[in-house]
Amino acid sequence: VGIMQSICAKKGALERLGPHWIGCWLVALHKCMSSHSHDMHHVSQHGGEADVIEEIKFLPFIPLSNGTTFTSVMEGSVWLPYGVMETSSESTMDSECFPLLYSALRIVHPFVLHPSFAGDDISDMSGQEVPTAQEFGSLVYNMLQQIGVGKLLAHDIMIMHVMPIMASDIFMEKEPMLLLQYLAFIKFHLESDCRQCKIERSKLFLQLQKMAIIVTNNGYKRIGHEPVHSGIAFGCPFDVKMILEGTGVAWNEVDAAYLKVYETEGQSAAILSWRKFLLELGITDFAHVLQVEKVCNKSDSIWKDEIWEGDDNDLWLVKDWECPELITIISEICGMEFKMLQRIDKCSNLLSALDKIWDDYYSHCRATYTHGIANLRAGKETEASFILWMRSFPWVCSSLDGELHVPTDLFHRCSAVEAILGNHAAYAVPQVESNSLAAALGLRTDVSVNDVLDLLKYWSECKPLFEASIGQMLRMYTFLWSHIMMEKAYVLECFRSQRWIFLPMTENVTVEQIVPGNFFSLDEVCWSDETGSLDLLLKFKSSCDTLQGGMPVRALGCTYGTMHGFFVSECHVREALNFKQYLTILRILSKEFSPSEINEQAMSILRKWSEDIELGQVHGSEVSAWKELLEDKENSVLPTVQNRWVSLHRNTGLICWCDNEELGKQFIDSGRVFYLQIDSSAAMNPTEVTDVKAKGKNIFPFLQAMNIPALSEVVEKEPVVYGAENSILLWNILNWTLPYAQRYLRQLHLDRYKELQQTSFGNYVKGFQCIIVRKLYFRYTLPGRLHSGKQQIACNYLLQGNTLYATQLDNLNSLFLEFSKLFFRGKSNMQLANFLHLIMLSAQSGSQEREVEALIVDSQGILPLPDGEPVWTIESVKQEKLNEALSQGHLEQSCAVKEPIFKKHNRSVAENVWPPRSWLQPNSVIPFGRWQVTGNKFSSNTEILNIRNPGVQRYLREQELVDDGSIEFKAMEFSIPVDEFVDGWSDMPKSAEQFDDTVSHGNVENVEVSSPSKMNSLSEDRGQVQGNATFRERERLIVGQSSEQQQELTGRIGEALVFKYLVKKHGAANVRWLNENAESGSSYDLVVCEDGQQILIEVKATKSGDKDWFEITQREWDLAMQKGEHFVIIRVFLPVSSGSARLLWLPNPAKLCQDHIIKLAILLPQT
């Protein structure tokens, strides 16, 4: 020992001696110690041997394998070379697998253990026999072990070298490959069959979790100080870079180079092996969770919204789980200025990553809380703080809008939610497979009323079209219906203010078929549409937007047939469309289709309206409103047989329905009448005349409410007579029976009688006239003589207005039947006719007046009129005038006379007198106008009669009774006096030379104006032509043969007459005659200044009182249309010889023509 101390003290001595000498020294030392074993034992008892061994431990004499270094065991562990004298079954260090680790070990130089390197030095040192090589190595081996040189065993290396040096800070300065082999060596050994490791495994891993150094992508990391994670190279199921890139979060991942150290197995097996080892070290795929205990005030903590049992302001002991990394990642993603798509992508990757590992790493993390820090009772579970933090960030993407939301606002895709909300709810994206994670995030798994309402609101605002199935929407509406009582007011308010009713755009879809559609409000739908018009509108319109003012465009019944109670009873969807809505539909369709194209739909709407009226669902004021709408020109929605849409506007023409197709054919092409379509047939079929009323019965209530008459009710019968005769007898019969008709009406038809009294029927009937003709026909004509049929129909009696035509008096019952129409709005009354006929038969049979009265009162129950009740009578004066006119061959314009009338007839006076003479007392008087019958004698009360039709001078005849009983007629001409003027017009000039003299001497005050009162202004003059006019029917115009000179003279006289008349009315300063000196060629003749405006006047003069037409030039008509109310035509009727001239004012002739008061005509040339 002393020698070795000297050698070690001398620099370079050991290097010169070499390892083999040191081996010999150890052998010699061993022999020396063995030879003195007794003494050594004695020394050891006193501590001598231990001191020697301890002293040797401090000597740096042990040569290391690098050949240049000598060390002592006190400087660090020294190991015997691998394989030397190894007899143990325990694993040893494999230098080839871990070369850097092996080179880092202080291993004894192998030359020390081999005697062949010692040679003669051994004998020299000991003076004894040289030991064998095995003996030599064994001696050296034993001696090195005694001084503390260890065997090269894996467990010892791990415990005595690897773990201690890894725990020291100096290890952080080692090269990476060495660190890799150190950890790989630990893994290699812990996976071996080392008995000690199995016993101490938990303890060893606990130490390693605190001090192990790992090579990571961010350098060396001690896992007890910083989180380290196994990356995708070690089997992590996701790439964390997809989540963290760009966030700035430091993420330590184990270096994949570990997989290349000690490659004794395949790649997959190595990954699994390393993944298991790293997990035991506490190295996880993702964020670490840590369990901590904390004392907190609940109201100021993350659990403030959680429900705990106790006072929130007390202190609580919480055993919590924290995950700082995860919260940092979420907050960084939500807080960084990423583009929205990038943020959504990162959040989706994060949720997907958590879904894959949650059940393995985090599902157990349930915190517990205890009320009070000294409470030893078991805590109650609550959510861990990191889970509550996860719920507070908007980091989960919604499938509904593609935006990020807090997890608690979203749904977990599960059967319970999908059954109600389908595929379009706000589900978390990507879909979460772990139910534990879904619960931790607070994803919704149940559906509330508000959820459905919010979803409907979002869906209704979707652009472009939303797609869903009817089955899905049906389940949602059914859910609302079943829960509506909880929040009924709120639900109904939402439906009233939003478009929340889904309807597909196409028809014939299955319940679960996903189809595009639109959302509608309550005002835009109805439950049913029996007419099918909405379906037609859907096919026609490219989209189903609101048409006008919230008008319904779809019906719900065919789509949601089982939901009537919800939509109609709860949401107050109307059962059907109202009138205005159907009107709007018809207005839209009528602009695109003709009636024949959509006749069925149009008729179904009319039937619907009629049904509503018939069932009393529409009241009187509503019916009036309907009619006002249909009278609007814009609402031309009524289909006609002529395949044209019409309204009820007065200018449209006559609107009626054809109840007689044969009659209808006479007017169908007139352009003046339109037959409303009353059934689905678009054409008139003569073979089905008897079925017309049956076909139209479904819309009769509508026709009646709108006052749309049948054709037969509105056409008038225009009499066509041949040979008119004196009508005294007919007049007497009707005048005599009229009071009995009055009594009958008052007794049996009191309501109608009151109506007649209120309309002054008594005055109306005074003007009644009757005419007997030789032949009587009638032809149908439209009201106002707009058009007449060509077919003439023979008849015996015809009531036209207040004039009765008859051919003979043989059939009194038929006479009275026609006469009864006078009292019943043009409809005959058989009972009244029979009653009047009974009276006539009684009188004709010889019954006296008192007997007839007894019959009426006793048998018929018809009482006399009360005292003071005015008795209806027919005025005789008008009948007298009519008879006089008939004697001249003139009838009213409403009658067409086909041949000259009134020849001499021999008739007995008895035939012309009624009642029978047996009823007459001596000297009794029966009035007949201005004629009187005294006994059996007629006397004449001669008087000038003032009878005139417009524009025609009438001639009257005086009637006398001669001795032989015949009636003789004498012509007598009367002038027509005018109240306003006193002097007569001078004789007409016979030549142009007499013109000036005629005008200068003529008295303008003898002019007769068409107004009965004196006019004080031109505006009054212009207002005389009013109302609808009737026109004479003619085959052609009769044009006279007057000379051009005579026409010019007539025109000049007419202009001069009008000029003087206007000067008298307005003053000479306000009237200018353009043709006063010579023909000017202008389109008008005079100008009148009135109220600062110029009125242009065109004069049209004629000598013919019957001429109801005149010519007008194109220039004059153009001016009339241009000037309107500032243009007047004055028609002048000049007397033939003497008398009064008449002026007929036609103000604004273009308007008069438009209103059918006057007509234009086209005169064709003769061919």
# chains A, B, ... in the order shown; residues from 1 in each chain; ligands from 1
>>> residues_around(residues="segment 166-178 of chain A", least_positions_apart="2", cutoff="7 Å", atoms="only C-alpha atoms", output="number ranges by chain")
A: 100-101, 162-164, 180-182, 211-213, 215, 220
>>> atom_distance(atom1="atom CA of Leu729 of chain A", atom2="atom CA of Asn811 of chain A")
14.3 Å
>>> select_by_dssp(residues="segment 748-895 of chain A", states="strand (DSSP E)", output="list in words")
Gln769, Cys770, Ile771, Ile772, Val773, Arg774, Lys775, Leu776, Tyr777, Phe778, Arg779, Tyr780, Thr781, Ile793, Ala794, Tyr797, Leu798, Leu799, Gln800, Thr803, Leu804, Tyr805 and Ala806 of chain A
>>> write_last_selection(atoms="C-alpha atoms", output="mmCIF file, in the first residue's frame")
data_model
loop_
_atom_site.group_PDB
_atom_site.id
_atom_site.type_symbol
_atom_site.label_atom_id
_atom_site.label_comp_id
_atom_site.auth_asym_id
_atom_site.auth_seq_id
_atom_site.Cartn_x
_atom_site.Cartn_y
_atom_site.Cartn_z
ATOM 1 C CA GLN A 769 -150.871 53.038 -72.436
ATOM 2 C CA CYS A 770 -152.431 50.201 -74.400
ATOM 3 C CA ILE A 771 -152.367 49.516 -78.125
ATOM 4 C CA ILE A 772 -154.289 46.982 -80.205
ATOM 5 C CA VAL A 773 -152.494 45.822 -83.332
ATOM 6 C CA ARG A 774 -153.417 43.469 -86.145
ATOM 7 C CA LYS A 775 -150.214 41.384 -85.839
ATOM 8 C CA LEU A 776 -147.846 41.354 -82.898
ATOM 9 C CA TYR A 777 -144.337 40.021 -82.711
ATOM 10 C CA PHE A 778 -141.404 40.728 -80.500
ATOM 11 C CA ARG A 779 -137.682 40.373 -80.794
ATOM 12 C CA TYR A 780 -135.233 40.260 -77.945
ATOM 13 C CA THR A 781 -133.002 43.286 -77.409
ATOM 14 C CA ILE A 793 -141.547 35.665 -82.192
ATOM 15 C CA ALA A 794 -145.335 35.907 -82.549
ATOM 16 C CA TYR A 797 -150.055 40.182 -75.627
ATOM 17 C CA LEU A 798 -146.897 42.023 -74.709
ATOM 18 C CA LEU A 799 -146.183 44.414 -71.851
ATOM 19 C CA GLN A 800 -143.311 46.740 -72.739
ATOM 20 C CA THR A 803 -147.359 50.042 -72.586
ATOM 21 C CA LEU A 804 -149.431 46.937 -73.290
ATOM 22 C CA TYR A 805 -149.743 45.629 -76.861
ATOM 23 C CA ALA A 806 -152.509 43.218 -77.809
#
>>> select_by_dssp(residues="segment 563-696 of chain A", states="helix (DSSP H, G or I)", output="VMD selection string")
chain A and resid 564 to 570 579 to 590 599 to 614 620 to 630 661 to 665 686 to 696
>>> closest_residue(among="A:Lys380, A:Leu179, A:Thr737, A:Thr445", to="Pro407 of chain A", atoms="only C-alpha atoms")
A:Thr445
>>> residues_around(residues="Phe98 of chain A", least_positions_apart="6", cutoff="8 Å", atoms="only C-alpha atoms", output="ChimeraX atom specification")
/A:181,185,261-262
>>> write_last_selection(atoms="N, CA and C atoms", output="compact mmCIF listing (two decimals), in the first residue's frame")
# COMPACT_ATOMS: atom_id res chain seq x y z
N GLN A 181 -29.59 7.09 -25.04
CA GLN A 181 -29.22 5.73 -24.62
C GLN A 181 -29.46 5.52 -23.13
N PHE A 185 -31.75 2.66 -22.01
CA PHE A 185 -31.20 1.61 -21.16
C PHE A 185 -32.14 1.33 -20.00
N VAL A 261 -32.91 3.62 -30.90
CA VAL A 261 -31.95 3.10 -29.92
C VAL A 261 -32.36 1.68 -29.55
N TYR A 262 -31.38 0.78 -29.62
CA TYR A 262 -31.63 -0.60 -29.23
C TYR A 262 -32.79 -1.18 -30.04
>>> closest_residue(among="A:Cys365, A:Ala28, A:Ile344, A:Leu817", to="His405 of chain A", atoms="only C-alpha atoms")
A:Ile344
>>> atom_distance(atom1="atom CA of Thr562 of chain A", atom2="atom CA of Thr506 of chain A")
20.0 Å
>>> residues_around(residues="Ser77 of chain A", least_positions_apart="5", cutoff="10 Å", atoms="only C-alpha atoms", output="JSON, numbers by chain")
{"A": [71, 72, 105, 106, 107, 148, 149, 150, 157, 160, 161]}
>>> residues_around(residues="segment 188-203 of chain A", least_positions_apart="4", cutoff="7 Å", atoms="only C-alpha atoms", output="short mmCIF file (atom, residue, chain, number, x, y, z; two decimals) with N, CA, C and O atoms, in the first residue's frame")
data_model
loop_
_atom_site.label_atom_id
_atom_site.label_comp_id
_atom_site.auth_asym_id
_atom_site.auth_seq_id
_atom_site.Cartn_x
_atom_site.Cartn_y
_atom_site.Cartn_z
N ALA A 154 -26.65 -4.78 -15.44
CA ALA A 154 -27.58 -3.74 -15.91
C ALA A 154 -28.28 -3.06 -14.75
O ALA A 154 -28.44 -1.83 -14.72
N HIS A 155 -28.77 -3.83 -13.80
CA HIS A 155 -29.50 -3.22 -12.69
C HIS A 155 -28.60 -2.29 -11.90
O HIS A 155 -29.02 -1.17 -11.53
N ALA A 184 -33.14 4.86 -22.88
CA ALA A 184 -33.40 3.58 -23.53
C ALA A 184 -32.90 2.43 -22.69
O ALA A 184 -33.52 1.36 -22.63
N GLN A 207 -39.54 7.71 -8.93
CA GLN A 207 -38.31 8.51 -9.00
C GLN A 207 -38.10 9.07 -10.42
O GLN A 207 -37.74 10.24 -10.60
#
